[in-house]
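Novice: File data.tsv follows (TSV, C-alpha atoms):
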chain	number	residue	atom	x	y	z
A	1	MET	CA	-18.31	-30.14	-11.17
A	2	VAL	CA	-15.90	-27.21	-10.91
A	3	ARG	CA	-12.39	-28.54	-11.46
A	4	ILE	CA	-9.29	-27.19	-9.76
A	5	ARG	CA	-6.18	-26.91	-11.94
A	6	VAL	CA	-2.98	-27.41	-9.93
A	7	LEU	CA	0.65	-27.11	-11.03
A	8	VAL	CA	3.30	-28.83	-8.88
A	9	VAL	CA	6.73	-27.14	-9.17
A	10	ASP	CA	9.56	-29.21	-7.71
A	11	ASP	CA	12.99	-30.18	-9.06
A	12	HIS	CA	12.83	-33.56	-7.28
A	13	ARG	CA	11.19	-35.56	-10.04
A	14	ILE	CA	10.04	-38.53	-7.96
A	15	PHE	CA	8.39	-36.28	-5.35
A	16	ALA	CA	6.73	-34.09	-7.99
A	17	GLU	CA	5.35	-37.04	-9.95
A	18	SER	CA	4.18	-38.84	-6.81
A	19	LEU	CA	2.38	-35.77	-5.51
A	20	ALA	CA	0.84	-35.08	-8.92
A	21	ALA	CA	-0.42	-38.66	-9.12
A	22	ALA	CA	-1.96	-38.47	-5.65
A	23	LEU	CA	-3.73	-35.20	-6.43
A	24	ALA	CA	-4.91	-36.47	-9.82
A	25	ALA	CA	-6.84	-39.23	-8.04
A	26	GLU	CA	-9.23	-36.57	-6.73
A	27	PRO	CA	-12.31	-36.26	-8.97
A	28	ASP	CA	-12.25	-32.46	-9.03
A	29	VAL	CA	-8.48	-31.90	-9.50
A	30	ASP	CA	-6.49	-31.63	-12.73
A	31	VAL	CA	-2.76	-31.57	-12.08
A	32	SER	CA	0.49	-31.02	-14.00
A	33	ALA	CA	4.12	-30.91	-12.87
A	34	ALA	CA	7.13	-28.73	-13.69
A	35	GLY	CA	10.73	-29.27	-12.64
A	36	SER	CA	11.97	-25.66	-12.53
A	37	GLY	CA	10.92	-22.03	-12.36
A	38	PRO	CA	11.26	-21.43	-16.12
A	39	ALA	CA	9.32	-24.62	-16.86
A	40	ALA	CA	6.56	-23.50	-14.51
A	41	LEU	CA	6.32	-20.10	-16.20
A	42	ARG	CA	6.12	-21.80	-19.61
A	43	CYS	CA	3.29	-24.01	-18.32
A	44	LEU	CA	1.43	-20.96	-17.03
A	45	GLU	CA	1.81	-19.06	-20.30
A	46	ARG	CA	0.77	-22.07	-22.38
A	47	ALA	CA	-2.30	-22.58	-20.19
A	48	VAL	CA	-3.31	-18.93	-20.62
A	49	ALA	CA	-2.91	-19.19	-24.39
A	50	GLU	CA	-5.10	-22.30	-24.42
A	51	GLY	CA	-7.76	-20.75	-22.19
A	52	ARG	CA	-7.26	-23.17	-19.29
A	53	ARG	CA	-5.50	-21.20	-16.58
A	54	PHE	CA	-4.06	-22.83	-13.48
A	55	ASP	CA	-5.71	-22.07	-10.17
A	56	VAL	CA	-3.00	-23.08	-7.67
A	57	LEU	CA	0.78	-23.50	-7.78
A	58	LEU	CA	2.46	-25.80	-5.25
A	59	VAL	CA	6.05	-24.55	-5.16
A	60	ASP	CA	9.07	-26.19	-3.53
A	61	ALA	CA	10.62	-23.69	-1.10
A	62	ASP	CA	14.08	-25.00	-2.00
A	63	LEU	CA	13.59	-25.02	-5.76
A	64	ALA	CA	17.06	-24.92	-7.30
A	65	ALA	CA	18.05	-21.49	-8.57
A	66	VAL	CA	17.85	-21.30	-12.35
A	67	ALA	CA	18.61	-18.16	-14.34
A	68	GLY	CA	15.48	-16.63	-15.85
A	69	ALA	CA	13.06	-18.15	-13.33
A	70	VAL	CA	11.41	-14.81	-12.59
A	71	PRO	CA	11.96	-12.53	-15.61
A	72	ALA	CA	9.25	-10.01	-14.76
A	73	GLN	CA	10.67	-8.87	-11.46
A	74	ARG	CA	13.40	-6.52	-12.62
A	75	GLU	CA	11.02	-4.70	-14.94
A	76	SER	CA	8.30	-4.34	-12.32
A	77	GLY	CA	10.45	-3.61	-9.30
A	78	SER	CA	8.44	-6.19	-7.39
A	79	GLY	CA	11.09	-8.80	-6.76
A	80	PRO	CA	11.15	-11.02	-3.70
A	81	PRO	CA	12.12	-9.72	-0.28
A	82	PRO	CA	15.86	-9.83	0.49
A	83	GLY	CA	16.90	-13.33	1.51
A	84	ALA	CA	14.22	-15.16	-0.44
A	85	ALA	CA	15.18	-18.55	-1.88
A	86	ASP	CA	14.46	-19.32	-5.53
A	87	GLY	CA	11.15	-21.05	-4.80
A	88	ILE	CA	9.97	-17.95	-2.99
A	89	ALA	CA	11.37	-15.78	-5.77
A	90	LEU	CA	9.21	-17.75	-8.20
A	91	VAL	CA	6.18	-16.95	-6.02
A	92	ALA	CA	6.99	-13.24	-6.32
A	93	GLY	CA	7.35	-13.52	-10.09
A	94	VAL	CA	4.05	-15.35	-10.48
A	95	ARG	CA	2.32	-12.69	-8.39
A	96	VAL	CA	3.36	-10.17	-11.07
A	97	THR	CA	2.83	-12.20	-14.24
A	98	HIS	CA	-0.21	-14.25	-13.16
A	99	PRO	CA	-1.89	-12.42	-10.25
A	100	GLY	CA	-4.97	-14.64	-10.35
A	101	VAL	CA	-3.00	-17.77	-9.48
A	102	ARG	CA	-2.77	-18.76	-5.80
A	103	THR	CA	0.58	-20.12	-4.63
A	104	VAL	CA	1.35	-22.48	-1.75
A	105	VAL	CA	4.93	-23.17	-0.66
A	106	LEU	CA	5.91	-26.77	0.13
A	107	ALA	CA	8.73	-26.96	2.70
A	108	GLU	CA	10.91	-29.59	4.33
A	109	ARG	CA	10.91	-27.70	7.63
A	110	ASP	CA	8.82	-25.14	9.47
A	111	GLU	CA	10.89	-21.93	9.34
A	112	PRO	CA	9.14	-18.75	10.55
A	113	ARG	CA	11.48	-16.36	8.73
A	114	ARG	CA	11.18	-18.09	5.37
A	115	ALA	CA	7.43	-18.56	5.80
A	116	ALA	CA	7.15	-14.82	6.42
A	117	LEU	CA	9.23	-14.16	3.29
A	118	ALA	CA	6.87	-16.40	1.34
A	119	LEU	CA	3.81	-14.47	2.52
A	120	GLN	CA	5.53	-11.17	1.70
A	121	ALA	CA	6.27	-12.52	-1.78
A	122	GLY	CA	2.58	-13.30	-2.32
A	123	ALA	CA	2.11	-16.89	-1.17
A	124	SER	CA	-1.23	-17.90	0.31
A	125	GLY	CA	0.12	-20.81	2.33
A	126	TRP	CA	3.10	-22.70	3.73
A	127	VAL	CA	2.72	-26.46	4.06
A	128	ALA	CA	5.06	-29.25	5.16
A	129	LYS	CA	5.99	-31.65	2.37
A	130	ASP	CA	5.15	-34.60	4.59
A	131	CYS	CA	1.66	-33.40	5.47
A	132	SER	CA	-1.29	-35.66	4.71
A	133	LEU	CA	-3.03	-35.51	1.34
A	134	SER	CA	-6.26	-34.47	3.06
A	135	ARG	CA	-4.45	-31.56	4.71
A	136	LEU	CA	-2.93	-30.45	1.42
A	137	LEU	CA	-6.29	-30.63	-0.34
A	138	ALA	CA	-7.85	-28.56	2.45
A	139	VAL	CA	-5.17	-25.91	1.93
A	140	ILE	CA	-5.64	-25.91	-1.86
A	141	ARG	CA	-9.38	-25.43	-1.51
A	142	GLY	CA	-8.89	-22.90	1.28
A	143	VAL	CA	-6.57	-20.58	-0.65
A	144	LEU	CA	-9.11	-20.51	-3.48
A	145	ARG	CA	-11.51	-19.04	-0.90
A	146	GLU	CA	-8.93	-16.28	-0.20
A	147	GLU	CA	-7.75	-17.97	3.00
A	148	THR	CA	-4.14	-17.93	4.22
A	149	HIS	CA	-2.85	-21.23	5.59
A	150	LEU	CA	0.07	-21.71	8.00
A	151	PRO	CA	0.89	-24.55	10.40
A	152	PRO	CA	-0.30	-23.52	13.91
A	153	ALA	CA	3.23	-23.91	15.29
A	154	LEU	CA	4.45	-21.21	12.89
A	155	LEU	CA	1.88	-18.52	13.60
A	156	THR	CA	3.65	-16.75	16.46
A	157	GLY	CA	7.02	-16.78	14.73
A	158	VAL	CA	5.61	-15.58	11.41
A	159	LEU	CA	3.70	-12.73	13.08
A	160	ARG	CA	6.90	-11.69	14.85
A	161	GLU	CA	8.82	-11.72	11.55
A	162	LEU	CA	6.13	-9.74	9.72
A	163	THR	CA	5.98	-7.16	12.49
A	164	ALA	CA	9.76	-6.72	12.33
A	165	ALA	CA	9.60	-6.46	8.53
A	166	ARG	CA	6.97	-3.71	8.75
A	167	LYS	CA	9.19	-1.80	11.18
A	168	HIS	CA	12.19	-2.15	8.85
A	169	ARG	CA	10.06	-0.96	5.93
A	170	THR	CA	8.82	2.05	7.89
A	171	ASP	CA	12.37	2.96	8.90
A	172	SER	CA	13.56	2.51	5.31
A	173	GLU	CA	10.75	4.68	3.94
A	174	ARG	CA	11.65	7.45	6.39
A	175	LEU	CA	15.29	7.36	5.27
A	176	VAL	CA	14.36	7.42	1.58
A	177	GLU	CA	12.06	10.38	2.20
A	178	SER	CA	15.10	12.36	3.40
A	179	LEU	CA	16.59	12.30	-0.11
A	180	THR	CA	16.28	15.22	-2.52
A	181	PRO	CA	14.40	14.61	-5.79
A	182	ARG	CA	17.72	14.31	-7.66
A	183	GLU	CA	19.14	11.89	-5.07
A	184	HIS	CA	15.95	9.85	-5.29
A	185	GLU	CA	16.33	9.60	-9.07
A	186	VAL	CA	19.95	8.52	-8.64
A	187	LEU	CA	18.79	5.87	-6.16
A	188	ARG	CA	16.23	4.58	-8.66
A	189	CYS	CA	19.04	4.25	-11.20
A	190	MET	CA	21.09	2.33	-8.63
A	191	VAL	CA	18.13	-0.01	-8.02
A	192	ALA	CA	17.97	-0.58	-11.79
A	193	GLY	CA	21.61	-1.70	-11.70
A	194	LEU	CA	23.19	1.29	-13.45
A	195	GLY	CA	26.79	2.24	-12.75
A	196	ARG	CA	28.08	5.77	-12.25
A	197	LYS	CA	28.85	6.43	-15.94
A	198	ASP	CA	25.46	5.13	-17.06
A	199	VAL	CA	23.68	7.25	-14.46
A	200	ALA	CA	25.64	10.29	-15.63
A	201	ALA	CA	24.65	9.68	-19.26
A	202	ARG	CA	21.02	9.05	-18.35
A	203	LEU	CA	20.61	12.16	-16.18
A	204	PHE	CA	22.87	14.43	-18.26
A	205	LEU	CA	25.24	14.98	-15.34
A	206	SER	CA	28.98	14.66	-15.04
A	207	PRO	CA	30.39	11.48	-13.45
A	208	HIS	CA	31.84	13.64	-10.67
A	209	THR	CA	28.40	15.04	-9.84
A	210	VAL	CA	26.85	11.56	-9.91
A	211	ARG	CA	29.56	10.29	-7.55
A	212	THR	CA	28.71	13.12	-5.14
A	213	HIS	CA	25.00	12.28	-5.34
A	214	MET	CA	25.73	8.59	-4.73
A	215	GLN	CA	27.88	9.41	-1.71
A	216	ASN	CA	25.09	11.62	-0.36
A	217	VAL	CA	22.55	8.81	-0.90
A	218	LEU	CA	24.70	6.32	1.02
A	219	GLY	CA	25.25	8.81	3.81
A	220	LYS	CA	21.57	9.70	4.21
A	221	LEU	CA	20.54	6.05	4.11
A	222	GLY	CA	23.21	5.14	6.68
A	223	VAL	CA	24.80	2.40	4.57
A	224	HIS	CA	28.29	1.81	3.22
A	225	SER	CA	27.74	0.14	-0.14
A	226	THR	CA	25.57	0.31	-3.23
A	227	LEU	CA	24.23	-3.20	-2.53
A	228	ALA	CA	23.07	-2.16	0.94
A	229	ALA	CA	21.46	0.99	-0.47
A	230	VAL	CA	19.58	-1.04	-3.09
A	231	ALA	CA	18.38	-3.55	-0.48
A	232	LEU	CA	17.09	-0.71	1.73
A	233	ALA	CA	15.44	0.98	-1.26
A	234	ARG	CA	13.63	-2.20	-2.20
A	235	ARG	CA	12.33	-2.56	1.37
A	236	ALA	CA	11.00	0.98	1.08
A	237	GLY	CA	9.25	0.17	-2.19
A	238	VAL	CA	11.51	2.27	-4.44
A	239	ARG	CA	10.92	1.31	-8.06
A	240	PRO	CA	13.87	0.98	-10.46
A	241	ALA	CA	14.33	3.59	-13.16
A	242	GLU	CA	12.88	2.51	-16.50
A	243	LEU	CA	15.72	1.44	-18.77
A	244	ALA	CA	14.05	1.45	-22.18
A	245	GLY	CA	11.66	3.65	-24.09
A	246	ASP	CA	11.58	6.38	-21.48
A	247	VAL	CA	12.19	10.08	-21.84
A	248	VAL	CA	14.63	11.75	-19.49
A	249	GLU	CA	14.18	15.41	-18.86
A	250	ARG	CA	17.38	17.46	-18.91
A	251	SER	CA	18.24	18.87	-15.52
A	252	GLY	CA	20.32	21.83	-16.54
A	253	GLN	CA	24.01	22.47	-16.90
A	254	LEU	CA	26.69	19.82	-16.61
A	255	ALA	CA	28.71	20.15	-13.45
Please express what this file holds, its structure, as structure tokens.

Specialist:
Amino acid sequence: MVRIRVLVVDDHRIFAESLAAALAAEPDVDVSAAGSGPAALRCLERAVAEGRRFDVLLVDADLAAVAGAVPAQRESGSGPPPGAADGIALVAGVRVTHPGVRTVVLAERDEPRRAALALQAGASGWVAKDCSLSRLLAVIRGVLREETHLPPALLTGVLRELTAARKHRTDSERLVESLTPREHEVLRCMVAGLGRKDVAARLFLSPHTVRTHMQNVLGKLGVHSTLAAVALARRAGVRPAELAGDVVERSGQLA
């Protein structure tokens, strides 16, 4: 019998333990529970080291935010879509660090926007917490067959949200394409969280020149703050500048 290894991630201990116990009663399911994002990542890493990888994560959509829950995202530039809650952020992190694991989001309510965010982050399903055990098992087995599972009542709303997100991404990509190569590099530094002085040191430019480039970036992107520029850049798929171990080519004279 092929066994399915499931990890329940929920900071409500009673719910997590009850769900784990119910799933463990199935003859083909092995289940563990974690109470936070960092704990879940430790479970995943330990399982890999022991040669017994998890197949499916069941993640609470409202998992309490805990620093360090998704450490791989900043390095990869593949963080969650803007507006994602911590449970959905964990989904995005797991997609990077453990791409073979399927994730299903457990939610208190059916919310089209958040369900769309979950799918964008890499989830394979969105399931109500109060669904039947048979329904949940069907979803678990379905996502392992590469299926995507959503409640029927959410389909129209989720499709609408995804269509809007694609339009926003296309618009954002067009704006980013209007930048010069130097402005694009400055934007990548902004996405990496560098301030003006750090960007100047990295690119061998004067702070005054960097300020001019940043103002040009904001103007071309049609935004009024660095935070807004970074959010737009992430929608367009702009990767952050590498912050360690890279080689920066000198661009010429200091201005």

Novice: So which one's closest to Ala40 of chain A, A:Leu23, A:Ala64, A:Val210, A:Leu90? Using only C-alpha atoms, please.

Specialist: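 With only C-alpha atoms as the atom set, the closest residue is A:Leu90.
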
Novice: Would you kindly return, as a PyMOL selection string, each protein, DNA or RNA residue with an atom no farther than 10 Å from any atom of Arg13 of chain A, considering all atoms listed in the file and excluding same-chain residues fewer than 3 positions away?

Specialist: chain A and resi 9-10+16-19+33-35

Novice: Mind dumping the selected residues with C-alpha atoms as a short mmCIF file (atom, residue, chain, number, x, y, z; two decimals), in the coordinates of the input?

Specialist:
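This is the output file result.cif:
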data_model
loop_
_atom_site.label_atom_id
_atom_site.label_comp_id
_atom_site.auth_asym_id
_atom_site.auth_seq_id
_atom_site.Cartn_x
_atom_site.Cartn_y
_atom_site.Cartn_z
CA VAL A 9 6.73 -27.14 -9.17
CA ASP A 10 9.56 -29.21 -7.71
CA ALA A 16 6.73 -34.09 -7.99
CA GLU A 17 5.35 -37.04 -9.95
CA SER A 18 4.18 -38.84 -6.81
CA LEU A 19 2.38 -35.77 -5.51
CA ALA A 33 4.12 -30.91 -12.87
CA ALA A 34 7.13 -28.73 -13.69
CA GLY A 35 10.73 -29.27 -12.64
#

Novice: So the first atom is atom CA of Val29 of chain A and the second is atom CA of Leu133 of chain A; what is the distance between them in Å, to one decimal place?

Specialist: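 We find that atom CA of Val29 of chain A and atom CA of Leu133 of chain A lie 12.7 Å from each other.
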
Novice: Which protein, DNA or RNA residues are at most 12 Å from (3.9, -26.9, -10.6) in the file's coordinates when you count all atoms listed in the file, listed as number ranges by chain?

Specialist: A: 5-13, 15-17, 19-20, 30-44, 54-60, 63, 87, 90-91, 94, 101-106

Novice: Enter the distance from atom CA of Gly122 of chain A to atom CA of Leu194 of chain A, in Å, rounded to one decimal.

Specialist: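 Atom CA of Gly122 of chain A sits 27.6 Å away from atom CA of Leu194 of chain A.
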
Novice: Interatomic distance between atom CA of Pro112 of chain A and atom CA of Leu154 of chain A?

Specialist: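 According to the coordinates, atom CA of Pro112 of chain A and atom CA of Leu154 of chain A are separated by 5.8 Å.
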